[in-house]
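Engineer: What follows is coords-v1.csv, made up of CSV, C-alpha atoms:
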chain,number,residue,atom,x,y,z
A,23,MET,CA,-128.2,100.8,-22.7
A,24,ASP,CA,-131.3,101.9,-24.6
A,25,SER,CA,-133.3,104.8,-23.3
A,26,ALA,CA,-135.3,106.7,-25.8
A,27,PRO,CA,-134.2,108.8,-27.5
A,28,GLY,CA,-131.0,107.0,-28.4
A,29,ARG,CA,-128.6,105.1,-26.2
A,30,ARG,CA,-126.8,105.8,-23.0
A,31,PHE,CA,-123.2,105.1,-22.3
A,32,CYS,CA,-122.9,103.0,-19.2
A,33,LEU,CA,-120.2,101.4,-17.1
A,34,PHE,CA,-121.0,98.4,-15.0
A,35,HIS,CA,-118.9,97.2,-12.1
A,36,ARG,CA,-119.6,93.5,-11.3
A,37,PRO,CA,-120.1,92.7,-7.7
A,38,VAL,CA,-117.2,90.7,-6.1
A,39,GLY,CA,-118.5,87.6,-4.4
A,40,THR,CA,-122.1,87.4,-3.3
A,41,CYS,CA,-124.2,90.3,-4.5
A,42,ARG,CA,-125.5,92.3,-1.7
A,43,GLY,CA,-127.3,94.9,-3.7
A,44,ALA,CA,-127.4,97.3,-6.7
A,45,VAL,CA,-126.0,100.8,-6.8
A,46,LEU,CA,-126.8,103.4,-9.5
A,47,TYR,CA,-124.5,106.4,-9.8
A,48,ILE,CA,-125.8,109.7,-10.9
A,49,HIS,CA,-123.1,112.1,-12.0
A,50,PRO,CA,-123.0,115.9,-11.5
A,51,PHE,CA,-123.5,118.5,-14.2
A,52,ALA,CA,-121.2,119.8,-17.0
A,53,GLU,CA,-117.6,120.4,-16.0
A,54,GLU,CA,-118.2,119.0,-12.5
A,55,MET,CA,-118.8,115.6,-14.1
A,56,ASN,CA,-115.4,115.7,-15.7
A,57,ARG,CA,-113.5,116.8,-12.6
A,58,SER,CA,-115.1,114.1,-10.4
A,59,ARG,CA,-114.7,111.2,-12.8
A,60,ARG,CA,-111.7,109.8,-10.9
A,61,MET,CA,-113.4,109.8,-7.5
A,62,ALA,CA,-116.6,108.3,-8.9
A,63,ALA,CA,-114.6,105.5,-10.6
A,64,LEU,CA,-112.6,104.7,-7.4
A,65,GLN,CA,-115.8,104.6,-5.3
A,66,ALA,CA,-117.6,102.4,-7.9
A,67,ARG,CA,-114.8,99.9,-7.7
A,68,ALA,CA,-114.7,100.0,-3.9
A,69,LEU,CA,-118.4,99.3,-3.7
A,70,ALA,CA,-118.1,96.5,-6.2
A,71,ALA,CA,-115.4,95.0,-4.0
A,72,LEU,CA,-117.9,95.1,-1.2
A,73,GLY,CA,-120.4,93.0,-3.2
A,74,TYR,CA,-122.5,95.7,-4.9
A,75,GLY,CA,-123.2,95.7,-8.6
A,76,VAL,CA,-122.6,99.3,-9.6
A,77,LEU,CA,-123.9,101.0,-12.7
A,78,GLN,CA,-122.6,104.4,-13.9
A,79,VAL,CA,-124.8,106.0,-16.5
A,80,ASP,CA,-124.0,109.0,-18.6
A,81,LEU,CA,-127.3,110.9,-18.7
A,82,HIS,CA,-128.8,112.1,-22.0
A,83,GLY,CA,-126.7,114.8,-23.5
A,84,CYS,CA,-123.8,114.2,-21.1
A,85,GLY,CA,-120.5,112.3,-21.5
A,86,ASP,CA,-120.6,109.7,-24.2
A,87,SER,CA,-124.3,109.2,-24.4
A,88,SER,CA,-126.7,110.2,-27.2
A,89,GLY,CA,-127.7,113.8,-27.6
A,90,ASP,CA,-125.9,117.2,-27.2
A,91,PHE,CA,-125.8,119.0,-23.9
A,92,GLY,CA,-128.3,121.5,-25.3
A,93,ASP,CA,-130.8,118.5,-25.6
A,94,ALA,CA,-130.5,117.6,-21.9
A,95,ARG,CA,-133.8,117.8,-20.0
A,96,TRP,CA,-134.6,117.1,-16.3
A,97,ASP,CA,-137.5,114.7,-17.1
A,98,GLN,CA,-135.4,112.8,-19.6
A,99,TRP,CA,-132.8,112.4,-16.9
A,100,LEU,CA,-135.4,111.0,-14.5
A,101,ALA,CA,-136.4,108.5,-17.2
A,102,ASP,CA,-132.7,107.6,-17.6
A,103,ILE,CA,-132.5,106.7,-13.9
A,104,GLU,CA,-135.6,104.5,-14.4
A,105,ALA,CA,-133.9,102.8,-17.3
A,106,GLY,CA,-130.7,102.3,-15.3
A,107,ALA,CA,-132.7,100.8,-12.4
A,108,ALA,CA,-134.5,98.4,-14.8
A,109,TRP,CA,-131.2,97.4,-16.4
A,110,LEU,CA,-129.8,96.5,-12.9
A,111,ASP,CA,-132.9,94.5,-12.1
A,112,ARG,CA,-132.4,92.5,-15.3
A,113,ARG,CA,-128.7,92.1,-14.7
A,114,LEU,CA,-128.6,91.2,-11.0
A,115,GLY,CA,-132.1,90.0,-10.3
A,116,GLU,CA,-134.2,92.3,-8.2
A,117,ARG,CA,-131.8,93.5,-5.5
A,118,PRO,CA,-132.2,96.3,-3.1
A,119,LEU,CA,-131.3,99.5,-5.0
A,120,THR,CA,-129.2,102.3,-3.6
A,121,LEU,CA,-129.1,105.6,-5.6
A,122,TRP,CA,-125.8,107.5,-5.2
A,123,GLY,CA,-125.5,111.0,-6.6
A,124,LEU,CA,-123.0,113.8,-6.6
A,125,ARG,CA,-124.0,117.6,-6.5
A,126,LEU,CA,-126.8,118.1,-9.0
A,127,GLY,CA,-126.9,114.3,-9.5
A,128,ALA,CA,-127.8,114.0,-5.8
A,129,LEU,CA,-130.6,116.5,-6.2
A,130,LEU,CA,-131.8,114.5,-9.2
A,131,ALA,CA,-131.6,111.2,-7.3
A,132,THR,CA,-133.6,112.6,-4.5
A,133,ASP,CA,-136.2,114.0,-6.9
A,134,TYR,CA,-136.5,110.5,-8.5
A,135,ALA,CA,-136.7,108.8,-5.1
A,136,ARG,CA,-139.6,110.9,-3.8
A,137,ALA,CA,-141.7,110.6,-6.9
A,138,ASN,CA,-141.1,107.0,-7.7
A,139,GLY,CA,-142.9,104.0,-6.3
A,140,ARG,CA,-139.8,101.8,-6.3
A,141,ALA,CA,-138.6,100.9,-2.8
A,142,LEU,CA,-135.0,102.1,-2.3
A,143,ALA,CA,-132.5,100.6,0.1
A,144,ALA,CA,-130.8,104.0,0.6
A,145,LEU,CA,-129.8,107.3,-0.9
A,146,VAL,CA,-126.2,108.2,-0.9
A,147,LEU,CA,-125.8,112.0,-1.4
A,148,TRP,CA,-122.4,113.4,-2.1
A,149,GLN,CA,-122.4,117.2,-1.5
A,150,PRO,CA,-126.0,117.6,-2.7
A,151,VAL,CA,-127.1,120.8,-4.4
A,152,ALA,CA,-129.6,122.5,-2.1
A,153,SER,CA,-131.7,124.2,-4.8
A,154,GLY,CA,-132.0,124.0,-8.5
A,155,ALA,CA,-132.5,127.8,-8.8
A,156,GLN,CA,-129.4,128.5,-6.6
A,157,TYR,CA,-127.4,126.1,-8.7
A,158,LEU,CA,-128.5,127.7,-11.9
A,159,THR,CA,-127.2,131.0,-10.6
A,160,GLN,CA,-123.9,129.4,-9.7
A,161,PHE,CA,-123.7,127.8,-13.2
A,162,LEU,CA,-124.4,131.1,-14.9
A,163,ARG,CA,-121.8,132.7,-12.8
A,164,LEU,CA,-119.2,130.5,-14.5
A,165,ARG,CA,-119.9,132.6,-17.6
A,166,VAL,CA,-119.6,135.9,-15.6
A,167,ALA,CA,-116.3,134.7,-14.1
A,168,GLY,CA,-115.1,133.6,-17.5
A,169,ASP,CA,-115.8,137.0,-18.9
A,170,MET,CA,-113.9,138.6,-16.0
A,171,LEU,CA,-110.9,136.4,-16.7
A,172,ASP,CA,-111.0,137.2,-20.3
A,173,ALA,CA,-109.8,140.8,-20.3
A,174,ALA,CA,-111.1,141.3,-23.8
A,175,GLY,CA,-114.6,140.1,-23.1
A,176,THR,CA,-117.5,142.2,-22.1
A,177,GLN,CA,-118.8,141.5,-18.7
A,178,THR,CA,-122.3,140.0,-18.4
A,179,SER,CA,-124.5,139.3,-15.4
A,180,THR,CA,-126.5,136.3,-14.2
A,181,GLY,CA,-129.6,138.5,-14.4
A,182,ALA,CA,-129.0,139.3,-18.1
A,183,LEU,CA,-128.4,135.6,-18.9
A,184,ARG,CA,-131.6,134.7,-17.1
A,185,GLN,CA,-133.5,137.2,-19.3
A,186,THR,CA,-132.0,135.6,-22.4
A,187,LEU,CA,-133.2,132.2,-21.2
A,188,ALA,CA,-136.6,133.5,-20.3
A,189,ALA,CA,-136.9,134.8,-23.8
A,190,GLY,CA,-136.5,131.3,-25.1
A,191,ASP,CA,-132.9,131.4,-26.2
A,192,SER,CA,-130.0,129.1,-25.1
A,193,VAL,CA,-126.9,130.6,-23.4
A,194,GLU,CA,-123.4,129.2,-23.6
A,195,VAL,CA,-121.6,128.7,-20.4
A,196,ALA,CA,-118.0,127.4,-20.3
A,197,GLY,CA,-118.5,125.6,-23.6
A,198,TYR,CA,-121.9,124.1,-22.6
A,199,GLU,CA,-125.1,125.1,-24.3
A,200,LEU,CA,-127.8,125.5,-21.7
A,201,ALA,CA,-131.3,125.1,-23.1
A,202,PRO,CA,-134.1,127.4,-21.7
A,203,ALA,CA,-136.2,124.3,-20.9
A,204,LEU,CA,-133.5,122.8,-18.7
A,205,ALA,CA,-132.9,126.2,-17.0
A,206,ALA,CA,-136.6,126.6,-16.3
A,207,ALA,CA,-136.8,123.1,-14.9
A,208,LEU,CA,-134.0,123.9,-12.5
A,209,ASP,CA,-135.5,127.2,-11.5
A,210,THR,CA,-138.9,125.7,-10.6
A,211,LEU,CA,-137.7,122.5,-9.0
A,212,ASP,CA,-138.5,122.1,-5.3
A,213,ALA,CA,-135.5,122.8,-3.0
A,214,LEU,CA,-133.9,119.7,-1.5
A,215,GLU,CA,-135.4,120.6,1.9
A,216,ARG,CA,-138.9,120.2,0.5
A,217,MET,CA,-138.3,116.8,-0.9
A,218,THR,CA,-138.8,114.1,1.6
A,219,PRO,CA,-136.8,111.0,0.8
A,220,PRO,CA,-138.7,107.8,1.4
A,221,CYS,CA,-135.6,105.8,2.4
A,222,PRO,CA,-132.6,106.1,4.7
A,223,VAL,CA,-130.1,108.8,3.6
A,224,HIS,CA,-126.3,108.9,3.9
A,225,TRP,CA,-125.3,112.5,3.4
A,226,PHE,CA,-121.6,113.3,2.8
A,227,GLU,CA,-120.5,116.9,3.0
A,228,ALA,CA,-116.9,118.1,2.5
A,229,THR,CA,-115.6,120.4,5.2
A,230,ALA,CA,-112.5,122.6,5.2
A,231,PRO,CA,-109.8,121.4,7.5
A,232,ASP,CA,-109.6,123.1,10.9
A,233,THR,CA,-113.2,124.1,10.8
A,234,ALA,CA,-115.9,122.9,13.3
A,235,ALA,CA,-117.0,119.4,12.8
A,236,GLY,CA,-120.5,118.9,11.6
A,237,LEU,CA,-122.6,119.8,8.6
A,238,PRO,CA,-122.3,123.5,7.4
A,239,PRO,CA,-125.3,125.6,8.2
A,240,GLY,CA,-127.2,125.2,4.9
A,241,ALA,CA,-126.9,121.4,4.9
A,242,ALA,CA,-127.7,121.2,8.6
A,243,ARG,CA,-131.0,123.1,8.0
A,244,THR,CA,-132.1,120.6,5.4
A,245,ALA,CA,-131.0,117.7,7.5
A,246,ALA,CA,-133.0,118.9,10.5
A,247,ALA,CA,-136.1,119.5,8.3
A,248,TRP,CA,-135.9,116.0,7.0
A,249,GLN,CA,-135.4,114.5,10.4
A,250,SER,CA,-138.4,116.3,11.7
A,251,ARG,CA,-140.4,114.6,9.0
A,252,GLY,CA,-139.1,111.2,10.1
A,253,VAL,CA,-136.3,110.6,7.6
A,254,VAL,CA,-133.5,108.4,8.8
A,255,LEU,CA,-130.5,110.5,8.1
A,256,HIS,CA,-126.8,109.7,8.7
A,257,ALA,CA,-124.7,112.8,8.3
A,258,HIS,CA,-121.0,112.3,7.4
A,259,PRO,CA,-119.0,115.5,7.4
A,260,VAL,CA,-115.6,114.7,6.0
A,261,PRO,CA,-112.6,117.0,5.7
A,262,CYS,CA,-112.0,117.0,2.0
A,263,PRO,CA,-111.3,119.5,-0.8
A,264,PRO,CA,-114.1,120.1,-3.3
A,265,PHE,CA,-112.9,117.4,-5.7
A,266,TRP,CA,-115.8,118.1,-8.2
A,267,THR,CA,-114.3,121.6,-8.9
A,268,THR,CA,-110.6,121.4,-8.1
A,269,PRO,CA,-108.6,122.0,-11.3
A,270,GLU,CA,-106.1,119.2,-10.5
A,271,ILE,CA,-107.7,115.8,-10.2
A,272,THR,CA,-108.2,115.3,-6.5
A,273,VAL,CA,-108.5,112.0,-4.7
A,274,CYS,CA,-109.7,112.1,-1.1
A,275,GLN,CA,-109.3,108.6,0.5
A,276,ALA,CA,-111.1,109.6,3.7
A,277,TRP,CA,-114.2,110.4,1.7
A,278,LEU,CA,-114.1,107.1,-0.2
A,279,ASP,CA,-113.5,105.2,3.0
A,280,ALA,CA,-116.4,106.9,4.8
A,281,THR,CA,-118.7,106.1,1.9
A,282,SER,CA,-117.6,102.4,1.8
A,283,ALA,CA,-118.0,102.1,5.6
A,284,ALA,CA,-121.6,103.5,5.4
A,285,LEU,CA,-122.5,101.0,2.7
A,286,ARG,CA,-120.8,98.1,4.4
A,287,GLU,CA,-123.6,98.0,6.9
A,288,PRO,CA,-126.5,95.8,5.7
A,289,ALA,CA,-129.1,97.9,4.0
A,290,ASP,CA,-132.3,98.5,5.9
A,291,GLY,CA,-134.9,95.9,5.2
A,292,ASN,CA,-132.3,93.6,3.5
B,20,MET,CA,-107.8,140.7,9.4
B,21,TYR,CA,-109.6,137.9,7.5
B,22,LEU,CA,-106.3,137.1,5.7
B,23,ASP,CA,-105.7,133.7,7.3
B,24,GLU,CA,-109.2,132.5,7.0
B,25,VAL,CA,-109.4,133.6,3.3
B,26,LYS,CA,-106.1,131.9,2.7
B,27,THR,CA,-107.2,128.6,4.2
B,28,ILE,CA,-110.4,128.6,2.1
B,29,LEU,CA,-108.4,129.5,-1.1
B,30,ILE,CA,-105.9,126.7,-0.5
B,31,ASN,CA,-108.7,124.2,0.1
B,32,VAL,CA,-110.9,125.2,-2.8
B,33,LEU,CA,-108.0,125.3,-5.3
B,34,GLY,CA,-106.4,122.2,-3.9
B,35,LEU,CA,-103.1,124.0,-3.5
B,36,GLY,CA,-101.8,121.9,-0.7
B,37,ASP,CA,-98.6,122.8,1.0
B,38,ALA,CA,-97.6,125.0,-1.9
B,39,GLY,CA,-100.3,127.4,-0.9
B,40,ARG,CA,-98.8,128.0,2.6
B,41,ALA,CA,-96.3,130.5,1.2
B,42,LEU,CA,-99.0,132.9,0.0
B,43,ASP,CA,-99.2,136.3,1.7
B,44,ALA,CA,-101.2,139.5,1.3
B,45,ASP,CA,-99.1,140.6,-1.7
B,46,SER,CA,-99.3,137.3,-3.6
B,47,PRO,CA,-100.9,137.9,-6.9
B,48,LEU,CA,-103.9,135.6,-7.6
B,49,LEU,CA,-105.6,136.4,-10.9
B,50,GLY,CA,-103.3,135.7,-13.9
B,51,SER,CA,-100.7,134.3,-11.6
B,52,LEU,CA,-102.3,131.2,-10.1
B,53,PRO,CA,-103.1,128.8,-13.0
B,54,GLU,CA,-105.5,127.0,-10.7
B,55,LEU,CA,-107.8,130.0,-10.6
B,56,ASP,CA,-110.0,129.3,-13.6
B,57,SER,CA,-113.6,130.4,-13.9
B,58,MET,CA,-114.8,127.3,-12.1
B,59,ALA,CA,-112.4,127.9,-9.2
B,60,VAL,CA,-113.6,131.5,-9.0
B,61,VAL,CA,-117.2,130.4,-8.7
B,62,SER,CA,-116.3,127.7,-6.2
B,63,LEU,CA,-114.2,130.2,-4.2
B,64,VAL,CA,-117.0,132.8,-4.2
B,65,GLY,CA,-119.5,130.1,-3.0
B,66,ALA,CA,-117.1,129.0,-0.2
B,67,LEU,CA,-116.6,132.6,1.0
B,68,GLU,CA,-120.3,133.3,1.0
B,69,GLU,CA,-121.0,130.2,3.0
B,70,TYR,CA,-118.1,130.6,5.5
B,71,PHE,CA,-118.5,134.3,6.2
B,72,GLY,CA,-122.3,134.5,5.7
B,73,ILE,CA,-122.0,137.2,3.1
B,74,GLU,CA,-123.7,137.7,-0.3
B,75,ILE,CA,-121.5,138.3,-3.3
B,76,LEU,CA,-123.1,139.9,-6.3
B,77,ASP,CA,-122.2,139.7,-10.0
B,78,ASP,CA,-120.8,143.2,-9.9
B,79,ASP,CA,-118.3,142.1,-7.2
B,80,LEU,CA,-116.7,139.6,-9.7
B,81,SER,CA,-114.1,142.0,-10.9
B,82,ALA,CA,-110.5,141.5,-11.6
B,83,SER,CA,-109.5,144.0,-8.9
B,84,THR,CA,-111.2,141.9,-6.2
B,85,PHE,CA,-109.1,138.9,-7.1
B,86,ALA,CA,-105.9,140.7,-7.8
B,87,THR,CA,-104.0,139.6,-4.7
B,88,LEU,CA,-104.8,137.6,-1.5
B,89,GLY,CA,-104.8,140.9,0.3
B,90,SER,CA,-107.4,142.5,-2.0
B,91,LEU,CA,-109.6,139.5,-1.6
B,92,ALA,CA,-109.4,139.6,2.2
B,93,ASP,CA,-110.1,143.3,2.1
B,94,PHE,CA,-113.1,142.6,-0.1
B,95,VAL,CA,-114.4,140.1,2.5
B,96,ALA,CA,-113.8,142.6,5.3
B,97,GLN,CA,-115.9,145.3,3.4
B,98,LYS,CA,-118.7,142.8,2.9
B,99,ARG,CA,-118.7,141.9,6.5
B,100,ALA,CA,-118.8,145.5,7.5
B,101,GLY,CA,-121.5,146.4,5.0
Write the structure described by the file as structure tokens, please.

Structural biologist:
Amino acid sequence: MDSAPGRRFCLFHRPVGTCRGAVLYIHPFAEEMNRSRRMAALQARALAALGYGVLQVDLHGCGDSSGDFGDARWDQWLADIEAGAAWLDRRLGERPLTLWGLRLGALLATDYARANGRALAALVLWQPVASGAQYLTQFLRLRVAGDMLDAAGTQTSTGALRQTLAAGDSVEVAGYELAPALAAALDTLDALERMTPPCPVHWFEATAPDTAAGLPPGAARTAAAWQSRGVVLHAHPVPCPPFWTTPEITVCQAWLDATSAALREPADGN
Amino acid sequence: MYLDEVKTILINVLGLGDAGRALDADSPLLGSLPELDSMAVVSLVGALEEYFGIEILDDDLSASTFATLGSLADFVAQKRAG
């Protein structure tokens, strides 16, 4: 798929039978993208079997697309989503579009949804990142943790790494070069709670086994804020390991089934 | 006293499954569990913060904290008390 600059690597899953809609998948960031590949592929196939045309796009600087990770920018990613949506329109005819994102991809999808004029059938959020700034701290912590594991390394801190970024220099985290511009975009992005999705939302959140049913406190707060602003929100807490970080490839069938069940319903306005 | 809860979270975050049930307070973690890479450490720290409502700082990320399951549970107890 062309999306200036360069091209994006895409995977299209053709709908089985009558096409009921289009789904665009937005992957998570850096290593989380690699670790969640299997779950994303399984879900994409399951949705195609339900009659959805599903497009998986590697965003600029990620996976097999053009650009190095150090070239990745938030605004460029928003443009990539637009290009993916336009590609689906051309391929399937204008079908109701559902955006489905995991972790930072879910925050990106929500940011796109609120700023874009396009009517969306739904947002499917898998374990959405609550805040770009908080996520940046977590990402920088990977470097701090890596230094801790490497006995010979000198320990750094997220504060020191942020200062390097603020001075206009890239930092390397777990083999990924993080550009100051992308870090600044994450830092200043509105928190998820402040973004109001203009369409129904299916929110999937992994819970530890033997814990109380329901969304964890942080997610519940955002959900309540959205609902108070009139957002139609379906919360789906599912007992499931955090498959986007587990070192072994993890497949959680209950999570896949819950997502398929949510999208088996006719999309609103369809 | 937080041992069982910390153990449950560790098993879930690292995806240890049934193999994790044998862990006890003296089980070495860092350098002994291959699953405990930098990503797992960050994920574990995030899960502990959320579950126990504690804030974990950069300075807390030291090898001694993650030496054994017992040292990690003690660390959580200290944070809860402090």

Engineer: Within 8 Å of chain A, which residues of chain B show up? Give each one with its shortest atom-to-atom distance in Å (one decimal) and the two atoms involved, counting only C-alpha atoms, rows by chain then rising residue number, as JSON lines.

Structural biologist:
{"residue": "B:Ile28", "atom": "CA", "partner": "A:Ala230", "partner_atom": "CA", "distance": 7.1}
{"residue": "B:Asn31", "atom": "CA", "partner": "A:Pro263", "partner_atom": "CA", "distance": 5.4}
{"residue": "B:Val32", "atom": "CA", "partner": "A:Pro264", "partner_atom": "CA", "distance": 6.0}
{"residue": "B:Leu33", "atom": "CA", "partner": "A:Thr268", "partner_atom": "CA", "distance": 5.5}
{"residue": "B:Gly34", "atom": "CA", "partner": "A:Thr268", "partner_atom": "CA", "distance": 6.0}
{"residue": "B:Leu49", "atom": "CA", "partner": "A:Leu171", "partner_atom": "CA", "distance": 7.9}
{"residue": "B:Glu54", "atom": "CA", "partner": "A:Pro269", "partner_atom": "CA", "distance": 5.9}
{"residue": "B:Asp56", "atom": "CA", "partner": "A:Gly168", "partner_atom": "CA", "distance": 7.7}
{"residue": "B:Ser57", "atom": "CA", "partner": "A:Gly168", "partner_atom": "CA", "distance": 5.0}
{"residue": "B:Met58", "atom": "CA", "partner": "A:Leu164", "partner_atom": "CA", "distance": 5.9}
{"residue": "B:Ala59", "atom": "CA", "partner": "A:Thr267", "partner_atom": "CA", "distance": 6.6}
{"residue": "B:Val60", "atom": "CA", "partner": "A:Ala167", "partner_atom": "CA", "distance": 6.6}
{"residue": "B:Val61", "atom": "CA", "partner": "A:Leu164", "partner_atom": "CA", "distance": 6.1}
{"residue": "B:Ser62", "atom": "CA", "partner": "A:Thr267", "partner_atom": "CA", "distance": 7.0}
{"residue": "B:Asp77", "atom": "CA", "partner": "A:Ser179", "partner_atom": "CA", "distance": 5.9}
{"residue": "B:Asp78", "atom": "CA", "partner": "A:Ser179", "partner_atom": "CA", "distance": 7.7}
{"residue": "B:Leu80", "atom": "CA", "partner": "A:Ala167", "partner_atom": "CA", "distance": 6.6}
{"residue": "B:Ser81", "atom": "CA", "partner": "A:Met170", "partner_atom": "CA", "distance": 6.1}
{"residue": "B:Ala82", "atom": "CA", "partner": "A:Met170", "partner_atom": "CA", "distance": 6.3}

Engineer: Please provide the set of residues having any atom within 12 Å of B:Ala92, restricted to all atoms listed in the file, with same-chain residues fewer than 4 positions apart removed, written as a PyMOL selection string.

Structural biologist: chain B and resi 20-29+43-46+48+67+71+83-88+96-99

Engineer: Could you tell me how far atom CA of A:Val45 lies from atom CA of A:Leu121, in Å and to one decimal?

Structural biologist: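 That distance, rounded to one decimal, is 5.8 Å.
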
Engineer: Using all atoms listed in the file, which of the listed residues (A:Leu124, A:Val193, A:Ala107, A:Leu114) sits closest to A:Arg57?

Structural biologist: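 Among the listed residues, the smallest separation from A:Arg57 belongs to A:Leu124.
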
Engineer: Can you tell me which residues surround stretch 244-260 of chain A at a distance of at most 12 Å, considering all atoms listed in the file, apart from same-chain residues fewer than 5 positions away, and format the answer as a PDB file with C-alpha atoms, in the frame of the given file?

Structural biologist:
ATOM      1  CA  ARG A 136    -139.600 110.900  -3.800  1.00  0.00           C
ATOM      2  CA  ALA A 143    -132.500 100.600   0.100  1.00  0.00           C
ATOM      3  CA  ALA A 144    -130.800 104.000   0.600  1.00  0.00           C
ATOM      4  CA  LEU A 145    -129.800 107.300  -0.900  1.00  0.00           C
ATOM      5  CA  VAL A 146    -126.200 108.200  -0.900  1.00  0.00           C
ATOM      6  CA  LEU A 147    -125.800 112.000  -1.400  1.00  0.00           C
ATOM      7  CA  TRP A 148    -122.400 113.400  -2.100  1.00  0.00           C
ATOM      8  CA  GLN A 149    -122.400 117.200  -1.500  1.00  0.00           C
ATOM      9  CA  PRO A 150    -126.000 117.600  -2.700  1.00  0.00           C
ATOM     10  CA  VAL A 151    -127.100 120.800  -4.400  1.00  0.00           C
ATOM     11  CA  ALA A 152    -129.600 122.500  -2.100  1.00  0.00           C
ATOM     12  CA  SER A 153    -131.700 124.200  -4.800  1.00  0.00           C
ATOM     13  CA  ALA A 213    -135.500 122.800  -3.000  1.00  0.00           C
ATOM     14  CA  LEU A 214    -133.900 119.700  -1.500  1.00  0.00           C
ATOM     15  CA  GLU A 215    -135.400 120.600   1.900  1.00  0.00           C
ATOM     16  CA  ARG A 216    -138.900 120.200   0.500  1.00  0.00           C
ATOM     17  CA  MET A 217    -138.300 116.800  -0.900  1.00  0.00           C
ATOM     18  CA  THR A 218    -138.800 114.100   1.600  1.00  0.00           C
ATOM     19  CA  PRO A 219    -136.800 111.000   0.800  1.00  0.00           C
ATOM     20  CA  PRO A 220    -138.700 107.800   1.400  1.00  0.00           C
ATOM     21  CA  CYS A 221    -135.600 105.800   2.400  1.00  0.00           C
ATOM     22  CA  PRO A 222    -132.600 106.100   4.700  1.00  0.00           C
ATOM     23  CA  VAL A 223    -130.100 108.800   3.600  1.00  0.00           C
ATOM     24  CA  HIS A 224    -126.300 108.900   3.900  1.00  0.00           C
ATOM     25  CA  TRP A 225    -125.300 112.500   3.400  1.00  0.00           C
ATOM     26  CA  PHE A 226    -121.600 113.300   2.800  1.00  0.00           C
ATOM     27  CA  GLU A 227    -120.500 116.900   3.000  1.00  0.00           C
ATOM     28  CA  ALA A 228    -116.900 118.100   2.500  1.00  0.00           C
ATOM     29  CA  THR A 229    -115.600 120.400   5.200  1.00  0.00           C
ATOM     30  CA  ALA A 230    -112.500 122.600   5.200  1.00  0.00           C
ATOM     31  CA  PRO A 231    -109.800 121.400   7.500  1.00  0.00           C
ATOM     32  CA  ASP A 232    -109.600 123.100  10.900  1.00  0.00           C
ATOM     33  CA  THR A 233    -113.200 124.100  10.800  1.00  0.00           C
ATOM     34  CA  ALA A 234    -115.900 122.900  13.300  1.00  0.00           C
ATOM     35  CA  ALA A 235    -117.000 119.400  12.800  1.00  0.00           C
ATOM     36  CA  GLY A 236    -120.500 118.900  11.600  1.00  0.00           C
ATOM     37  CA  LEU A 237    -122.600 119.800   8.600  1.00  0.00           C
ATOM     38  CA  PRO A 238    -122.300 123.500   7.400  1.00  0.00           C
ATOM     39  CA  PRO A 239    -125.300 125.600   8.200  1.00  0.00           C
ATOM     40  CA  CYS A 274    -109.700 112.100  -1.100  1.00  0.00           C
ATOM     41  CA  GLN A 275    -109.300 108.600   0.500  1.00  0.00           C
ATOM     42  CA  ALA A 276    -111.100 109.600   3.700  1.00  0.00           C
ATOM     43  CA  TRP A 277    -114.200 110.400   1.700  1.00  0.00           C
ATOM     44  CA  LEU A 278    -114.100 107.100  -0.200  1.00  0.00           C
ATOM     45  CA  ASP A 279    -113.500 105.200   3.000  1.00  0.00           C
ATOM     46  CA  ALA A 280    -116.400 106.900   4.800  1.00  0.00           C
ATOM     47  CA  THR A 281    -118.700 106.100   1.900  1.00  0.00           C
ATOM     48  CA  SER A 282    -117.600 102.400   1.800  1.00  0.00           C
ATOM     49  CA  ALA A 283    -118.000 102.100   5.600  1.00  0.00           C
ATOM     50  CA  ALA A 284    -121.600 103.500   5.400  1.00  0.00           C
ATOM     51  CA  LEU A 285    -122.500 101.000   2.700  1.00  0.00           C
ATOM     52  CA  ASP A 290    -132.300  98.500   5.900  1.00  0.00           C
TER      53      ASP A 290
END

Engineer: Report, in Å to a single decimal, how far apart atom CA of A:Leu187 and atom CA of A:Pro202 are.

Structural biologist: 4.9 Å

Engineer: Up to 12 Å from (-128.0, 98.3, -13.2) in the file's coordinates: name the residues, counting all atoms listed in the file, as a PyMOL selection string.

Structural biologist: chain A and resi 23+32-37+43-48+74-79+102-121

Engineer: At what distance in Å, to one decimal, does atom CA of A:Leu100 lie from atom CA of A:Tyr134?

Structural biologist: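 Result for atom CA of A:Tyr134 versus atom CA of A:Leu100: 6.1 Å, one decimal.
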